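Everything on this sheet refers to the single structure shown next.
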Amino acid sequence: MKFSQARPGRVFVLRLEQGEVVHEVIESFAAEQGIRCAALVMLGAADEGSRITAGPEGGGTRPIVPMIHRLAGVHELTGVGTIFPDEEGRPSLHSHVAVGRQGGGAAGCIRAGVVVWTILEVVLLELDDCTARRERDAPSGFELLEP
């Protein structure tokens with residue numbers, strides 16, 4: 001385990017609206033507000049056709065091939081995430097959500113393209129004095145957290 005310490009900073013309450021792509025809007029907001037590190041929770045709905053990464057095809061194989069799940073119909077959504085700067089210093093959101101519709105559900109990462117249906121509420125908690133960042137990991141191809 002690796003770790004670092006941070007302290008609470010500003011708290012933001014956001015309302016994303018119909019048609020907005022979640023990770024794009026949140027990363028833009030973070031850049032505009034000078035947010036380097038944060039944690040967030042979200043609640044709302046994902047539009048039909050939104051995509052989530054629902055796992056790798058093979059757990060131990062390389063290269064990693066993501067499985068993309070496309071939502072058929074509007075889904076309720078709840079999720080959590082973190083923002084840390086990438087190697088270029090840009091805010092990079094990593095967020096997983098659970099979505100559901102009529103008793104069926106799925107979970108996964110939003111970077112494949114989750115689009116807001118009507119509304120998505122976000123509470124974003126900035127972390128000050130934070131040195132954590134994301135660094136590219138060559139074997140996996142992922143940007144991994146380096147606390």
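Convention: chains lettered A, B, ... in structure tokens order; per-chain residue numbering from 1; ligands numbered from 1 as shown.
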Would you pick out the contacts of segment 111-119 of chain A at 7 Å or less, using only C-alpha atoms, so that residues sharing its chain but fewer than 5 positions from it are not included, and give the list as an mmCIF file with N, CA and C atoms, in the first residue's frame?
```
data_model
loop_
_atom_site.group_PDB
_atom_site.id
_atom_site.type_symbol
_atom_site.label_atom_id
_atom_site.label_comp_id
_atom_site.auth_asym_id
_atom_site.auth_seq_id
_atom_site.Cartn_x
_atom_site.Cartn_y
_atom_site.Cartn_z
ATOM 1 N N ARG A 15 -24.905 20.676 -10.972
ATOM 2 C CA ARG A 15 -26.010 20.020 -11.658
ATOM 3 C C ARG A 15 -25.632 19.910 -13.129
ATOM 4 N N LEU A 16 -25.372 18.685 -13.568
ATOM 5 C CA LEU A 16 -25.135 18.445 -14.981
ATOM 6 C C LEU A 16 -26.486 18.257 -15.637
ATOM 7 N N GLU A 17 -26.575 18.608 -16.915
ATOM 8 C CA GLU A 17 -27.865 18.636 -17.585
ATOM 9 C C GLU A 17 -27.888 17.756 -18.825
ATOM 10 N N GLN A 18 -29.086 17.585 -19.343
ATOM 11 C CA GLN A 18 -29.374 16.733 -20.500
ATOM 12 C C GLN A 18 -28.295 16.846 -21.570
ATOM 13 N N GLY A 19 -27.765 15.688 -21.966
ATOM 14 C CA GLY A 19 -26.838 15.627 -23.090
ATOM 15 C C GLY A 19 -25.384 15.850 -22.754
ATOM 16 N N GLU A 20 -25.075 16.282 -21.528
ATOM 17 C CA GLU A 20 -23.674 16.517 -21.181
ATOM 18 C C GLU A 20 -22.960 15.187 -20.933
ATOM 19 N N VAL A 21 -21.708 15.096 -21.384
ATOM 20 C CA VAL A 21 -20.883 13.908 -21.165
ATOM 21 C C VAL A 21 -20.186 14.087 -19.814
ATOM 22 N N VAL A 22 -20.460 13.186 -18.888
ATOM 23 C CA VAL A 22 -20.098 13.371 -17.488
ATOM 24 C C VAL A 22 -18.619 13.667 -17.283
ATOM 25 N N HIS A 23 -17.725 12.800 -17.747
ATOM 26 C CA HIS A 23 -16.303 13.021 -17.451
ATOM 27 C C HIS A 23 -15.770 14.300 -18.096
ATOM 28 N N GLY A 44 -28.267 10.547 -10.315
ATOM 29 C CA GLY A 44 -29.117 11.043 -11.385
ATOM 30 C C GLY A 44 -29.464 9.948 -12.357
ATOM 31 N N ALA A 45 -29.315 10.252 -13.649
ATOM 32 C CA ALA A 45 -29.683 9.269 -14.664
ATOM 33 C C ALA A 45 -28.774 9.381 -15.885
ATOM 34 N N ALA A 46 -28.565 8.218 -16.516
ATOM 35 C CA ALA A 46 -27.760 8.115 -17.736
ATOM 36 C C ALA A 46 -28.689 7.904 -18.921
ATOM 37 N N ASP A 47 -28.404 8.578 -20.014
ATOM 38 C CA ASP A 47 -29.239 8.494 -21.206
ATOM 39 C C ASP A 47 -28.996 7.193 -21.971
ATOM 40 N N SER A 50 -25.606 5.521 -23.530
ATOM 41 C CA SER A 50 -24.406 5.765 -22.725
ATOM 42 C C SER A 50 -23.595 4.482 -22.665
ATOM 43 N N ARG A 51 -22.282 4.635 -22.489
ATOM 44 C CA ARG A 51 -21.396 3.476 -22.471
ATOM 45 C C ARG A 51 -20.589 3.448 -21.174
ATOM 46 N N ILE A 52 -20.444 2.242 -20.621
ATOM 47 C CA ILE A 52 -19.569 2.053 -19.469
ATOM 48 C C ILE A 52 -18.609 0.901 -19.778
ATOM 49 N N THR A 53 -17.422 0.987 -19.205
ATOM 50 C CA THR A 53 -16.473 -0.116 -19.311
ATOM 51 C C THR A 53 -16.826 -1.099 -18.212
#
```
**Request:** Could you give me, as number ranges by chain, the residues within 9 Å of Val65 of chain A, counting only C-alpha atoms and dropping anything in the same chain fewer than 3 positions from it?
**Result:** A: 55-58, 61-62
When you look at Leu43 of chain A with a cut-off of 6 Å (counting only C-alpha atoms), what residues show up, excluding the ones that are within fewer than 3 positions of it in the same chain? I need them as a list in words. Leu77, Thr78, Leu120 and Glu121 of chain A
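Each of A:Cys130, A:Val13, A:Met67, A:Ile26 was checked against Leu93 of chain A using only C-alpha atoms; the smallest atom-to-atom distance is that of A:Ile26.
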Computed gap from atom CA of Gly9 of chain A to atom CA of Arg36 of chain A is 10.8 Å
Excluding Gln33 of chain A and any residue of its chain fewer than 5 positions from it, enumerate the residues within 12 Å of it, using only C-alpha atoms, and give them as a PyMOL selection string. chain A and resi 10-12+26-28+38+90-91+124+126
Output file for the residues above (C-alpha atoms, as a CSV table (one decimal), in the first residue's frame):
```csv
chain,number,residue,atom,x,y,z
A,10,ARG,CA,-13.7,23.7,-1.0
A,11,VAL,CA,-17.0,21.9,-1.6
A,12,PHE,CA,-18.9,22.3,-4.9
A,26,ILE,CA,-16.4,17.5,-14.6
A,27,GLU,CA,-12.8,17.6,-15.8
A,28,SER,CA,-13.5,21.0,-17.5
A,38,ALA,CA,-11.0,15.8,-5.3
A,90,ARG,CA,-4.7,18.1,-16.2
A,91,PRO,CA,-7.5,17.0,-13.9
A,124,LEU,CA,-17.4,17.5,-5.3
A,126,GLU,CA,-11.7,19.3,-3.1
```
Do you know which residues are at most 9 Å from Glu135 of chain A counting only C-alpha atoms, after dropping those on the same chain fewer than 5 positions away, and could you put them as number ranges by chain?
-> A: 85-87, 142-146
ask   = Quick one: of A:Val74, A:Leu40, A:Ala54, A:Met1, who's nearest to Leu127 of chain A, counting only C-alpha atoms?
value =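 Among the listed residues, A:Leu40 lies closest to Leu127 of chain A.
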Would you mind writing down, as a list of chain:residue names, each residue of segment 46-90 of chain A that DSSP on the backbone assigns to strand (DSSP E)?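 Secondary structure check on segment 46-90 of chain A, strand (DSSP E): A:Ala46, A:Arg51, A:Ile52, A:Thr53, A:Ala54, A:Gly55, A:Pro56, A:Pro66, A:Met67, A:Ile68, A:His69, A:Arg70, A:His75, A:Glu76, A:Leu77, A:Thr78, A:Gly79, A:Val80, A:Gly81, A:Thr82, A:Ile83, A:Phe84, A:Pro85.
Counting only C-alpha atoms, the residue from A:Gln102, A:Ser95, A:Arg133, A:Leu125 that sits nearest to Glu24 of chain A is A:Ser95.
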